[in-house]
$ cat final-v3.txt   # compact mmCIF, C-alpha atoms
# COMPACT_ATOMS: atom_id res chain seq x y z
CA MET A 1 -84.36 -20.12 80.28
CA VAL A 2 -82.58 -17.80 77.82
CA GLN A 3 -81.64 -14.38 79.14
CA SER A 4 -82.71 -11.27 77.30
CA GLY A 5 -79.92 -9.90 75.19
CA GLU A 6 -78.57 -13.29 74.12
CA ILE A 7 -76.75 -13.23 70.81
CA THR A 8 -76.70 -16.43 68.76
CA HIS A 9 -73.32 -18.05 68.13
CA SER A 10 -72.09 -17.06 64.69
CA ALA A 11 -68.47 -16.21 64.00
CA GLU A 12 -65.88 -18.97 64.18
CA ASN A 13 -63.49 -16.71 66.09
CA ASP A 14 -66.09 -15.66 68.64
CA MET A 15 -67.39 -17.47 71.72
CA ARG A 16 -70.45 -17.28 73.92
CA ALA A 17 -69.89 -15.48 77.19
CA VAL A 18 -71.70 -13.58 79.93
CA VAL A 19 -70.77 -9.99 79.12
CA VAL A 20 -70.93 -6.94 81.40
CA ARG A 21 -70.86 -3.74 79.34
CA GLU A 22 -71.88 -1.39 82.16
CA PHE A 23 -71.29 -1.68 85.90
CA GLY A 24 -74.40 -2.31 87.96
CA GLY A 25 -76.72 -5.13 88.93
CA ILE A 26 -77.41 -8.50 87.39
CA GLU A 27 -79.58 -6.89 84.72
CA LYS A 28 -76.47 -5.19 83.29
CA ALA A 29 -75.09 -8.56 82.17
CA ALA A 30 -76.25 -10.51 79.12
CA LEU A 31 -75.29 -13.67 77.31
CA GLY A 32 -73.56 -12.51 74.15
CA GLU A 33 -70.38 -12.97 72.17
CA MET A 34 -66.78 -11.98 72.73
CA PRO A 35 -63.64 -12.73 70.74
CA LYS A 36 -62.31 -16.21 71.45
CA PRO A 37 -58.93 -15.90 73.20
CA GLN A 38 -55.82 -17.43 71.67
CA PRO A 39 -52.79 -18.58 73.68
CA ASN A 40 -49.68 -16.45 73.39
CA ALA A 41 -46.23 -17.61 74.44
CA GLY A 42 -46.37 -19.29 77.85
CA GLU A 43 -50.19 -19.43 77.96
CA VAL A 44 -52.74 -22.23 78.23
CA LEU A 45 -56.18 -22.18 76.57
CA ILE A 46 -59.04 -24.27 77.94
CA GLU A 47 -62.52 -25.02 76.75
CA VAL A 48 -64.50 -24.19 79.89
CA HIS A 49 -66.76 -26.94 81.24
CA ALA A 50 -67.73 -25.48 84.61
CA VAL A 51 -67.16 -22.45 86.83
CA SER A 52 -68.40 -21.58 90.30
CA VAL A 53 -70.67 -18.61 90.97
CA ASN A 54 -69.67 -16.47 93.94
CA PHE A 55 -70.73 -13.33 95.80
CA VAL A 56 -67.52 -11.67 94.63
CA ASP A 57 -68.82 -11.90 91.04
CA LEU A 58 -71.69 -9.59 92.02
CA VAL A 59 -69.27 -7.18 93.67
CA MET A 60 -67.07 -7.09 90.58
CA MET A 61 -70.09 -6.61 88.31
CA SER A 62 -71.25 -3.68 90.45
CA GLY A 63 -67.93 -1.90 89.98
CA THR A 64 -67.20 -1.77 93.73
CA TYR A 65 -64.55 -4.52 93.84
CA GLN A 66 -60.99 -3.66 94.89
CA PHE A 67 -60.10 -3.29 91.22
CA LYS A 68 -62.31 -2.50 88.24
CA PRO A 69 -61.88 -4.62 85.13
CA PRO A 70 -62.00 -2.65 81.88
CA LEU A 71 -65.38 -2.74 80.17
CA PRO A 72 -66.71 -4.84 78.59
CA PHE A 73 -65.63 -7.79 80.72
CA ILE A 74 -66.60 -11.38 81.46
CA PRO A 75 -67.15 -12.23 85.14
CA GLY A 76 -66.37 -15.60 86.70
CA LYS A 77 -63.37 -16.77 88.72
CA LEU A 78 -61.34 -19.98 88.41
CA PRO A 79 -62.97 -21.83 85.48
CA VAL A 80 -62.16 -25.50 84.85
CA GLY A 81 -62.10 -27.43 81.60
CA VAL A 82 -60.05 -29.20 78.96
CA VAL A 83 -56.84 -27.79 77.46
CA THR A 84 -57.37 -27.22 73.74
CA ALA A 85 -54.14 -25.39 72.86
CA VAL A 86 -50.93 -24.08 74.43
CA GLY A 87 -48.60 -21.29 73.40
CA PRO A 88 -44.88 -21.59 72.67
CA GLY A 89 -42.79 -22.40 75.72
CA VAL A 90 -45.50 -24.22 77.70
CA THR A 91 -44.05 -27.43 79.15
CA GLN A 92 -46.42 -28.64 81.85
CA PHE A 93 -49.68 -28.78 79.86
CA LYS A 94 -50.79 -30.33 76.61
CA ALA A 95 -54.05 -30.61 74.69
CA GLY A 96 -56.47 -32.93 76.46
CA ASP A 97 -55.27 -32.18 80.01
CA HIS A 98 -57.86 -31.09 82.57
CA ALA A 99 -57.01 -27.74 84.14
CA LEU A 100 -58.19 -25.04 86.53
CA LEU A 101 -57.28 -21.47 85.57
CA MET A 102 -56.57 -19.03 88.40
CA ALA A 103 -58.40 -16.25 86.58
CA GLU A 104 -59.75 -13.22 88.44
CA SER A 105 -62.49 -12.95 85.82
CA ALA A 106 -63.39 -14.21 82.31
CA GLY A 107 -64.66 -17.59 83.55
CA PHE A 108 -68.31 -17.30 82.41
CA ALA A 109 -67.33 -18.11 78.83
CA GLU A 110 -66.76 -21.02 76.46
CA PHE A 111 -62.97 -20.51 76.46
CA ALA A 112 -60.43 -18.95 78.82
CA VAL A 113 -56.67 -18.43 78.74
CA MET A 114 -54.03 -17.85 81.43
CA PRO A 115 -50.23 -18.00 81.82
CA GLU A 116 -48.95 -21.50 82.58
CA ASN A 117 -47.93 -20.63 86.16
CA GLN A 118 -51.53 -19.58 86.82
CA CYS A 119 -52.92 -22.98 85.79
CA ILE A 120 -53.52 -26.00 88.00
CA LYS A 121 -53.59 -29.52 86.57
CA LEU A 122 -56.71 -31.38 87.66
CA PRO A 123 -56.84 -35.09 88.45
CA PRO A 124 -58.49 -36.71 85.38
CA SER A 125 -60.96 -38.53 87.64
CA LEU A 126 -62.25 -35.34 89.32
CA PRO A 127 -65.59 -34.29 87.76
CA PHE A 128 -65.58 -30.77 86.36
CA GLU A 129 -68.57 -29.61 88.41
CA GLU A 130 -66.94 -30.85 91.59
CA ALA A 131 -63.60 -29.24 90.69
CA ALA A 132 -65.37 -25.93 90.03
CA SER A 133 -67.23 -26.16 93.35
CA MET A 134 -63.94 -26.64 95.21
CA ALA A 135 -62.20 -23.71 93.55
CA LEU A 136 -61.99 -20.41 95.45
CA VAL A 137 -63.39 -21.86 98.68
CA TYR A 138 -60.99 -24.68 99.56
CA ASP A 139 -57.93 -22.63 98.64
CA THR A 140 -59.24 -19.68 100.68
CA ALA A 141 -59.90 -21.90 103.70
CA TYR A 142 -56.55 -23.66 103.24
CA PHE A 143 -54.45 -20.50 103.40
CA ALA A 144 -56.55 -19.08 106.23
CA LEU A 145 -55.96 -22.19 108.35
CA LYS A 146 -52.42 -23.20 107.38
CA ASP A 147 -50.65 -19.98 106.43
CA ARG A 148 -52.37 -17.36 108.56
CA GLY A 149 -53.72 -19.58 111.33
CA ARG A 150 -50.81 -22.07 111.53
CA ILE A 151 -53.24 -24.82 112.48
CA ALA A 152 -51.87 -27.72 114.54
CA PRO A 153 -53.48 -31.01 115.57
CA GLY A 154 -55.79 -30.45 118.54
CA ASP A 155 -56.50 -26.79 117.78
CA ASN A 156 -60.04 -25.54 118.40
CA VAL A 157 -61.25 -23.70 115.31
CA LEU A 158 -64.33 -21.44 115.38
CA ILE A 159 -65.72 -20.97 111.87
CA LEU A 160 -68.05 -17.99 111.40
CA GLY A 161 -70.29 -18.14 108.34
CA ALA A 162 -69.96 -21.91 108.48
CA THR A 163 -72.78 -22.66 106.02
CA GLY A 164 -71.13 -20.80 103.12
CA GLY A 165 -68.67 -22.34 100.70
CA VAL A 166 -65.53 -21.18 102.55
CA GLY A 167 -67.10 -22.14 105.87
CA LEU A 168 -67.93 -25.69 104.78
CA ALA A 169 -64.46 -26.07 103.27
CA ALA A 170 -62.91 -24.78 106.51
CA ILE A 171 -64.84 -27.37 108.54
CA GLN A 172 -63.56 -30.20 106.37
CA LEU A 173 -59.98 -28.94 106.26
CA THR A 174 -59.94 -28.37 110.03
CA LYS A 175 -60.88 -32.01 110.50
CA ALA A 176 -58.33 -33.16 107.90
CA PHE A 177 -55.60 -31.21 109.73
CA GLY A 178 -56.52 -32.73 113.10
CA GLY A 179 -58.43 -29.81 114.62
CA LYS A 180 -61.83 -29.51 116.31
CA ALA A 181 -64.36 -27.64 114.16
CA LEU A 182 -66.87 -25.35 115.91
CA ALA A 183 -69.43 -24.29 113.31
CA ALA A 184 -71.18 -20.97 114.00
CA ILE A 185 -74.61 -20.75 112.37
CA SER A 186 -77.39 -18.17 112.56
CA SER A 187 -80.27 -20.55 111.85
CA LYS A 188 -80.81 -24.00 113.29
CA ASP A 189 -82.41 -25.19 110.05
CA LYS A 190 -78.91 -25.11 108.55
CA GLN A 191 -77.43 -27.35 111.22
CA ASP A 192 -77.67 -30.42 108.99
CA ILE A 193 -75.33 -29.03 106.34
CA VAL A 194 -72.49 -28.24 108.78
CA THR A 195 -72.99 -31.54 110.60
CA ALA A 196 -72.70 -33.36 107.27
CA ALA A 197 -69.46 -31.46 106.61
CA GLY A 198 -68.02 -32.86 109.86
CA ALA A 199 -68.54 -30.12 112.45
CA ASP A 200 -67.78 -31.26 115.99
CA ALA A 201 -70.03 -28.70 117.66
CA ILE A 202 -72.57 -26.00 116.81
CA ILE A 203 -72.28 -22.40 118.01
CA ASP A 204 -75.66 -20.64 117.86
CA LEU A 205 -75.31 -17.08 116.59
CA SER A 206 -79.03 -16.45 117.18
CA ALA A 207 -78.68 -16.91 120.95
CA PRO A 208 -79.68 -13.86 123.06
CA ASP A 209 -76.94 -11.45 124.16
CA LEU A 210 -74.42 -12.66 121.57
CA HIS A 211 -71.68 -10.52 123.11
CA GLU A 212 -71.69 -12.88 126.10
CA SER A 213 -73.35 -16.02 124.78
CA LEU A 214 -70.88 -16.65 121.94
CA ARG A 215 -67.93 -16.75 124.30
CA GLN A 216 -69.85 -18.91 126.77
CA GLN A 217 -70.69 -21.43 124.06
CA VAL A 218 -67.09 -21.57 122.79
CA PHE A 219 -65.67 -21.94 126.30
CA ALA A 220 -68.12 -24.77 126.99
CA GLN A 221 -66.75 -26.64 123.97
CA THR A 222 -63.05 -25.97 124.68
CA ASP A 223 -62.64 -26.70 128.39
CA LYS A 224 -62.80 -22.93 129.03
CA GLN A 225 -59.70 -22.33 126.88
CA GLY A 226 -61.32 -20.54 123.95
CA ALA A 227 -60.73 -20.86 120.22
CA ASP A 228 -57.16 -21.21 119.01
CA ILE A 229 -58.23 -20.06 115.54
CA ILE A 230 -61.24 -18.08 114.37
CA VAL A 231 -62.04 -17.86 110.66
CA ASP A 232 -64.33 -14.85 110.10
CA MET A 233 -66.26 -14.18 106.90
CA LEU A 234 -68.92 -12.05 108.65
CA GLY A 235 -67.45 -9.08 110.53
CA GLY A 236 -69.79 -6.66 112.30
CA ASP A 237 -71.24 -7.49 115.71
CA ILE A 238 -70.28 -11.14 115.30
CA PHE A 239 -66.60 -10.20 115.02
CA ASP A 240 -66.94 -8.07 118.16
CA ALA A 241 -68.34 -11.03 120.09
CA ALA A 242 -66.03 -13.64 118.57
CA VAL A 243 -62.77 -11.89 119.39
CA ARG A 244 -63.63 -12.28 123.08
CA ALA A 245 -63.75 -16.07 122.54
CA LEU A 246 -60.11 -16.32 121.43
CA ALA A 247 -57.74 -18.39 123.51
CA TRP A 248 -54.45 -17.00 124.81
CA CYS A 249 -52.19 -16.59 121.73
CA GLY A 250 -55.23 -17.23 119.53
CA ARG A 251 -55.32 -16.23 115.87
CA LEU A 252 -58.30 -14.55 114.18
CA ILE A 253 -58.28 -14.45 110.38
CA VAL A 254 -60.47 -11.86 108.66
CA ILE A 255 -61.74 -12.99 105.25
CA GLY A 256 -64.78 -10.80 104.66
CA PHE A 257 -67.61 -8.67 106.00
CA ALA A 258 -70.78 -10.43 104.87
CA SER A 259 -72.73 -8.89 107.76
CA GLY A 260 -72.24 -5.48 106.15
CA ARG A 261 -70.20 -3.67 108.82
CA ILE A 262 -66.41 -3.49 108.92
CA PRO A 263 -65.49 -3.82 112.60
CA SER A 264 -62.67 -2.16 114.53
CA LEU A 265 -60.62 -3.47 117.44
CA LYS A 266 -58.97 -1.84 120.46
CA MET A 267 -55.33 -2.86 120.34
CA ASN A 268 -54.94 -3.04 124.12
CA TYR A 269 -57.11 -6.16 123.92
CA VAL A 270 -54.70 -7.66 121.39
CA LEU A 271 -51.81 -6.87 123.74
CA VAL A 272 -53.35 -8.22 126.93
CA LYS A 273 -54.44 -11.55 125.41
CA ASN A 274 -51.38 -12.03 123.16
CA ILE A 275 -53.71 -12.55 120.21
CA GLU A 276 -53.19 -12.04 116.48
CA VAL A 277 -55.67 -10.58 114.01
CA SER A 278 -54.69 -10.92 110.36
CA GLY A 279 -56.32 -10.60 106.96
CA MET A 280 -56.48 -13.16 104.18
CA GLN A 281 -57.16 -12.05 100.61
CA ILE A 282 -56.78 -15.07 98.32
CA SER A 283 -56.29 -13.16 95.06
CA ASP A 284 -52.88 -11.93 96.21
CA TYR A 285 -51.72 -15.50 96.84
CA ARG A 286 -52.54 -16.36 93.24
CA LYS A 287 -50.63 -13.35 91.95
CA ARG A 288 -47.69 -13.23 94.35
CA ARG A 289 -47.16 -16.88 95.35
CA PRO A 290 -48.30 -19.10 92.47
CA ALA A 291 -45.97 -21.93 93.53
CA ASP A 292 -47.62 -21.99 96.96
CA MET A 293 -51.01 -22.07 95.26
CA GLN A 294 -49.89 -25.05 93.18
CA ALA A 295 -48.84 -26.84 96.39
CA CYS A 296 -52.14 -25.89 98.05
CA PHE A 297 -54.26 -27.49 95.34
CA ALA A 298 -51.98 -30.53 95.19
CA GLU A 299 -52.64 -31.14 98.89
CA ILE A 300 -56.36 -30.44 98.53
CA TYR A 301 -56.68 -32.93 95.69
CA ALA A 302 -54.65 -35.52 97.64
CA LEU A 303 -56.95 -35.13 100.66
CA HIS A 304 -59.95 -35.43 98.36
CA ALA A 305 -58.58 -38.60 96.77
CA ALA A 306 -57.98 -40.03 100.25
CA GLY A 307 -61.63 -39.45 101.15
CA LYS A 308 -60.86 -36.77 103.75
CA LEU A 309 -62.78 -34.06 101.89
CA LYS A 310 -66.41 -34.59 100.93
CA PRO A 311 -68.08 -33.08 97.87
CA LEU A 312 -70.00 -29.93 98.77
CA PRO A 313 -73.67 -29.75 97.85
CA ILE A 314 -73.82 -28.46 94.26
CA LYS A 315 -76.63 -26.77 92.35
CA ALA A 316 -75.71 -26.58 88.66
CA TYR A 317 -77.16 -24.13 86.15
CA PRO A 318 -76.52 -24.03 82.39
CA VAL A 319 -74.84 -20.80 81.38
CA GLU A 320 -78.11 -19.62 79.81
CA GLN A 321 -79.47 -19.33 83.37
CA PHE A 322 -76.55 -17.32 84.74
CA ALA A 323 -78.89 -14.58 86.05
CA ASP A 324 -80.87 -17.11 88.10
CA ALA A 325 -77.61 -18.41 89.57
CA LEU A 326 -76.46 -14.91 90.49
CA ARG A 327 -79.84 -14.10 92.04
CA ASP A 328 -79.57 -17.21 94.21
CA ILE A 329 -76.22 -15.90 95.46
CA ARG A 330 -77.56 -12.37 95.98
CA ASP A 331 -80.66 -13.57 97.82
CA ARG A 332 -78.71 -16.04 100.00
CA LYS A 333 -80.60 -19.08 98.72
CA VAL A 334 -77.42 -21.14 98.55
CA ARG A 335 -76.87 -24.36 100.47
CA GLY A 336 -73.41 -25.32 99.35
CA ARG A 337 -72.14 -24.21 95.93
CA ILE A 338 -73.61 -22.94 92.68
CA VAL A 339 -71.88 -23.86 89.42
CA LEU A 340 -72.44 -22.78 85.83
CA THR A 341 -71.94 -25.42 83.15
CA MET A 342 -71.03 -24.75 79.53
CA GLY A 343 -72.46 -26.83 76.69
CA GLU A 344 -74.61 -29.92 76.59
CA ASP A 345 -71.84 -32.47 77.19
CA ILE A 346 -71.32 -31.67 80.89

$ encode --input "final-v3.txt" --output "structure tokens"
Amino acid sequence: MVQSGEITHSAENDMRAVVVREFGGIEKAALGEMPKPQPNAGEVLIEVHAVSVNFVDLVMMSGTYQFKPPLPFIPGKLPVGVVTAVGPGVTQFKAGDHALLMAESAGFAEFAVMPENQCIKLPPSLPFEEAASMALVYDTAYFALKDRGRIAPGDNVLILGATGGVGLAAIQLTKAFGGKALAAISSKDKQDIVTAAGADAIIDLSAPDLHESLRQQVFAQTDKQGADIIVDMLGGDIFDAAVRALAWCGRLIVIGFASGRIPSLKMNYVLVKNIEVSGMQISDYRKRRPADMQACFAEIYALHAAGKLKPLPIKAYPVEQFADALRDIRDRKVRGRIVLTMGEDI
């Protein structure tokens, strides 16, 4: 299906891209043309083969993200593809390499460019769609568990929003790091997807009196000790209930507020239980600690090669159907990951 507003490919120095010329909803974006980027000194240019579609793309398109890109802009984070050119001074990449670009936007396009230290070399055997599906979710879960949560073998990890991309990645990484994964789900018809990801136990968020029942369920699965780590993408009432399920010296990592309400916390509770509550915003790791991000992906790809991480369910759309993909994200029709593909050779 071709979106209204599509412009046919014409100029040699232009490329097809999803273009947002005015902040707003999905209807404000159209498939059009933008100038093809060229690599300057220290930069890597890829021909994009695949890119994941995420809720954050909708937020950025609406103009309510933590920073506003200048208009017009191309949405899409962390595209993957084949290196076609490099600028002077680039030493780690050459034409023909497979790469992931740690781009905050500009991924829904035929070509993308980033500085060399913001590029990750992909294993040649890793399919582009699978690499795109892993981007943004495995790295987010990795830093939440290892850096903020300091996960250790035997830790009990409660994962809120377990059926989303970060949640499924967190289940798999918890298991790979030797922890016990407690997957919190709001609908029992989604139990199969978290079980397939390796969850050790299910926590039912639809149970009556969640304020009490969540803690009771977690205690029943942890010998009454509570969760050593909680990874929270939901916020709201679920955060309020989950914090009571933390173990002594437990760590709760806030990643997002998908439930719609930003919760607050009385600090005397933090003091009495010796607990930690911290935030984890993955974009800053890409900007401030690119070497750590390189090490993160190296470990993720090693775990994947060793069979310790399973491919997430993927639904792929051609770029011409970008609006359908974004609507699936907006309407919460996702089971796993949605990926846009560029061109007919994918």

$ atom_distance --input "final-v3.txt" --atom1 "atom CA of Val254 of chain A" --atom2 "atom CA of Asp240 of chain A"
12.1 Å

$ residues_near_point --input "final-v3.txt" --point "(-66.3, -18.0, 84.2)" --cutoff "6 Å" --atoms "only C-alpha atoms" --output "JSON, numbers by chain"
{"A": [51, 75, 76, 77, 79, 106, 107, 108, 109]}

$ residues_around --input "final-v3.txt" --residues "segment 176-183 of chain A" --least-positions-apart "5" --cutoff "9 Å" --atoms "only C-alpha atoms" --output "compact mmCIF listing (two decimals) with C-alpha atoms, keeping the file's coordinate frame"
# COMPACT_ATOMS: atom_id res chain seq x y z
CA LYS A 146 -52.42 -23.20 107.38
CA ILE A 151 -53.24 -24.82 112.48
CA ALA A 152 -51.87 -27.72 114.54
CA PRO A 153 -53.48 -31.01 115.57
CA GLY A 154 -55.79 -30.45 118.54
CA ASP A 155 -56.50 -26.79 117.78
CA ASN A 156 -60.04 -25.54 118.40
CA VAL A 157 -61.25 -23.70 115.31
CA LEU A 158 -64.33 -21.44 115.38
CA ILE A 159 -65.72 -20.97 111.87
CA LEU A 160 -68.05 -17.99 111.40
CA GLY A 161 -70.29 -18.14 108.34
CA ALA A 162 -69.96 -21.91 108.48
CA THR A 163 -72.78 -22.66 106.02
CA GLY A 167 -67.10 -22.14 105.87
CA LEU A 168 -67.93 -25.69 104.78
CA ALA A 170 -62.91 -24.78 106.51
CA ILE A 171 -64.84 -27.37 108.54
CA GLN A 191 -77.43 -27.35 111.22
CA VAL A 194 -72.49 -28.24 108.78
CA THR A 195 -72.99 -31.54 110.60
CA GLY A 198 -68.02 -32.86 109.86
CA ALA A 199 -68.54 -30.12 112.45
CA ASP A 200 -67.78 -31.26 115.99
CA ALA A 201 -70.03 -28.70 117.66
CA ILE A 202 -72.57 -26.00 116.81
CA ILE A 203 -72.28 -22.40 118.01
CA ASP A 204 -75.66 -20.64 117.86
CA VAL A 218 -67.09 -21.57 122.79
CA GLN A 221 -66.75 -26.64 123.97
CA ALA A 227 -60.73 -20.86 120.22
CA LEU A 303 -56.95 -35.13 100.66
CA LYS A 308 -60.86 -36.77 103.75
CA LEU A 309 -62.78 -34.06 101.89

$ residues_near_point --input "final-v3.txt" --point "(-70.8, -3.1, 88.4)" --cutoff "10 Å" --atoms "all atoms listed in the file" --output "list of chain:residue names"
A:Val20, A:Arg21, A:Glu22, A:Phe23, A:Gly24, A:Gly25, A:Ile26, A:Lys28, A:Ala29, A:Asp57, A:Leu58, A:Val59, A:Met60, A:Met61, A:Ser62, A:Gly63, A:Thr64, A:Tyr65, A:Lys68, A:Pro69, A:Leu71

$ closest_residue --input "final-v3.txt" --among "A:Gln38, A:Cys119, A:Val90, A:Gly336" --to "Lys190 of chain A" --atoms "only C-alpha atoms"
A:Gly336

$ residues_around --input "final-v3.txt" --residues "Ser186 of chain A" --least-positions-apart "2" --cutoff "8 Å" --atoms "only C-alpha atoms" --output "mmCIF file with C-alpha atoms, in the frame of the given file"
data_model
loop_
_atom_site.group_PDB
_atom_site.id
_atom_site.type_symbol
_atom_site.label_atom_id
_atom_site.label_comp_id
_atom_site.auth_asym_id
_atom_site.auth_seq_id
_atom_site.Cartn_x
_atom_site.Cartn_y
_atom_site.Cartn_z
ATOM 1 C CA ALA A 184 -71.180 -20.970 114.000
ATOM 2 C CA LYS A 188 -80.810 -24.000 113.290
ATOM 3 C CA ASP A 204 -75.660 -20.640 117.860
ATOM 4 C CA LEU A 205 -75.310 -17.080 116.590
ATOM 5 C CA SER A 206 -79.030 -16.450 117.180
#

$ atom_distance --input "final-v3.txt" --atom1 "atom CA of Ala242 of chain A" --atom2 "atom CA of Gly260 of chain A"
16.1 Å

$ closest_residue --input "final-v3.txt" --among "A:Ala241, A:Leu145, A:Leu326, A:Ala207" --to "Ile253 of chain A" --atoms "all atoms listed in the file"
A:Leu145

$ closest_residue --input "final-v3.txt" --among "A:Val319, A:Val44, A:Ile329, A:Val53" --to "Met342 of chain A" --atoms "all atoms listed in the file"
A:Val319

$ closest_residue --input "final-v3.txt" --among "A:Leu45, A:Leu136, A:Arg16, A:Thr222" --to "Asp97 of chain A" --atoms "all atoms listed in the file"
A:Leu45

$ atom_distance --input "final-v3.txt" --atom1 "atom CA of Phe73 of chain A" --atom2 "atom CA of Ala103 of chain A"
12.6 Å

$ closest_atom_pairs --input "final-v3.txt" --of "segment 120-165 of chain A" --to "segment 276-285 of chain A" --cutoff "9 Å" --atoms "all atoms listed in the file" --output "CSV"
residue,atom,partner,partner_atom,distance
A:Leu136,CA,A:Ile282,CA,8.0
A:Asp139,CA,A:Ile282,CA,7.7
A:Thr140,CA,A:Ile282,CA,5.7
A:Phe143,CA,A:Met280,CA,7.7
A:Ala144,CA,A:Met280,CA,6.3
A:Arg148,CA,A:Ser278,CA,7.1
A:Gly149,CA,A:Ser278,CA,8.8

$ closest_residue --input "final-v3.txt" --among "A:Glu129, A:Asp228, A:Glu43, A:Glu110" --to "Phe93 of chain A" --atoms "all atoms listed in the file"
A:Glu43

$ residues_around --input "final-v3.txt" --residues "Gly256 of chain A" --least-positions-apart "5" --cutoff "7 Å" --atoms "all atoms listed in the file" --output "short mmCIF file (atom, residue, chain, number, x, y, z; two decimals) with C-alpha atoms, in the coordinates of the input"
data_model
loop_
_atom_site.label_atom_id
_atom_site.label_comp_id
_atom_site.auth_asym_id
_atom_site.auth_seq_id
_atom_site.Cartn_x
_atom_site.Cartn_y
_atom_site.Cartn_z
CA ASP A 232 -64.33 -14.85 110.10
CA MET A 233 -66.26 -14.18 106.90
CA LEU A 234 -68.92 -12.05 108.65
CA GLY A 235 -67.45 -9.08 110.53
#

$ closest_residue --input "final-v3.txt" --among "A:Ile46, A:Ile275, A:His98, A:Phe111" --to "Glu33 of chain A" --atoms "all atoms listed in the file"
A:Phe111

$ residues_around --input "final-v3.txt" --residues "Arg337 of chain A" --least-positions-apart "3" --cutoff "12 Å" --atoms "all atoms listed in the file" --output "JSON, numbers by chain"
{"A": [51, 52, 53, 54, 55, 129, 130, 131, 132, 133, 134, 135, 136, 137, 138, 163, 164, 165, 166, 167, 168, 169, 193, 311, 312, 313, 314, 315, 316, 317, 325, 326, 328, 329, 332, 333, 334, 340]}

$ residues_around --input "final-v3.txt" --residues "Val270 of chain A" --least-positions-apart "4" --cutoff "10 Å" --atoms "all atoms listed in the file" --output "PyMOL selection string"
chain A and resi 243+248-250+265-266+274-277

$ axis_aligned_box --input "final-v3.txt" --around "segment 82-97 of chain A" --padding-each-side "6 Å" --output "JSON"
{"center_x": -51.4, "center_y": -27.1, "center_z": 77.3, "size_x": 29.3, "size_y": 23.6, "size_z": 21.2}

$ decode --input "final-v3.txt" --residues "segment 61-103 of chain A" --atoms "C-alpha atoms" --output "PDB file, in the first residue's frame"
ATOM      1  CA  MET A  61       6.776  12.812  15.515  1.00  0.00           C
ATOM      2  CA  SER A  62       4.256  14.470  17.841  1.00  0.00           C
ATOM      3  CA  GLY A  63       6.827  17.027  18.967  1.00  0.00           C
ATOM      4  CA  THR A  64       6.558  16.014  22.642  1.00  0.00           C
ATOM      5  CA  TYR A  65       9.852  14.090  22.897  1.00  0.00           C
ATOM      6  CA  GLN A  66      12.581  15.332  25.251  1.00  0.00           C
ATOM      7  CA  PHE A  67      14.148  17.138  22.310  1.00  0.00           C
ATOM      8  CA  LYS A  68      12.580  18.382  19.086  1.00  0.00           C
ATOM      9  CA  PRO A  69      14.403  17.626  15.852  1.00  0.00           C
ATOM     10  CA  PRO A  70      14.432  20.512  13.370  1.00  0.00           C
ATOM     11  CA  LEU A  71      11.771  20.235  10.686  1.00  0.00           C
ATOM     12  CA  PRO A  72      11.621  18.566   8.267  1.00  0.00           C
ATOM     13  CA  PHE A  73      13.050  15.396   9.786  1.00  0.00           C
ATOM     14  CA  ILE A  74      13.149  11.654   9.200  1.00  0.00           C
ATOM     15  CA  PRO A  75      12.039   9.479  12.139  1.00  0.00           C
ATOM     16  CA  GLY A  76      13.473   6.057  12.929  1.00  0.00           C
ATOM     17  CA  LYS A  77      16.118   4.991  15.450  1.00  0.00           C
ATOM     18  CA  LEU A  78      19.089   2.645  14.994  1.00  0.00           C
ATOM     19  CA  PRO A  79      18.897   1.596  11.319  1.00  0.00           C
ATOM     20  CA  VAL A  80      20.973  -1.328  10.055  1.00  0.00           C
ATOM     21  CA  GLY A  81      22.432  -1.955   6.622  1.00  0.00           C
ATOM     22  CA  VAL A  82      25.518  -2.172   4.435  1.00  0.00           C
ATOM     23  CA  VAL A  83      28.353   0.366   4.494  1.00  0.00           C
ATOM     24  CA  THR A  84      28.574   2.051   1.099  1.00  0.00           C
ATOM     25  CA  ALA A  85      31.149   4.771   1.838  1.00  0.00           C
ATOM     26  CA  VAL A  86      33.281   6.161   4.662  1.00  0.00           C
ATOM     27  CA  GLY A  87      34.760   9.591   5.227  1.00  0.00           C
ATOM     28  CA  PRO A  88      38.435  10.430   5.703  1.00  0.00           C
ATOM     29  CA  GLY A  89      39.887   9.122   8.954  1.00  0.00           C
ATOM     30  CA  VAL A  90      37.524   6.160   9.379  1.00  0.00           C
ATOM     31  CA  THR A  91      39.545   3.072  10.339  1.00  0.00           C
ATOM     32  CA  GLN A  92      37.115   0.492  11.693  1.00  0.00           C
ATOM     33  CA  PHE A  93      34.658   0.302   8.779  1.00  0.00           C
ATOM     34  CA  LYS A  94      34.914  -0.246   5.054  1.00  0.00           C
ATOM     35  CA  ALA A  95      32.479  -0.595   2.168  1.00  0.00           C
ATOM     36  CA  GLY A  96      30.591  -3.877   2.372  1.00  0.00           C
ATOM     37  CA  ASP A  97      30.606  -4.141   6.184  1.00  0.00           C
ATOM     38  CA  HIS A  98      27.271  -4.628   7.940  1.00  0.00           C
ATOM     39  CA  ALA A  99      26.580  -1.929  10.520  1.00  0.00           C
ATOM     40  CA  LEU A 100      24.063  -0.571  13.005  1.00  0.00           C
ATOM     41  CA  LEU A 101      23.965   3.214  13.360  1.00  0.00           C
ATOM     42  CA  MET A 102      23.151   4.617  16.798  1.00  0.00           C
ATOM     43  CA  ALA A 103      21.014   7.355  15.273  1.00  0.00           C
TER      44      ALA A 103
END
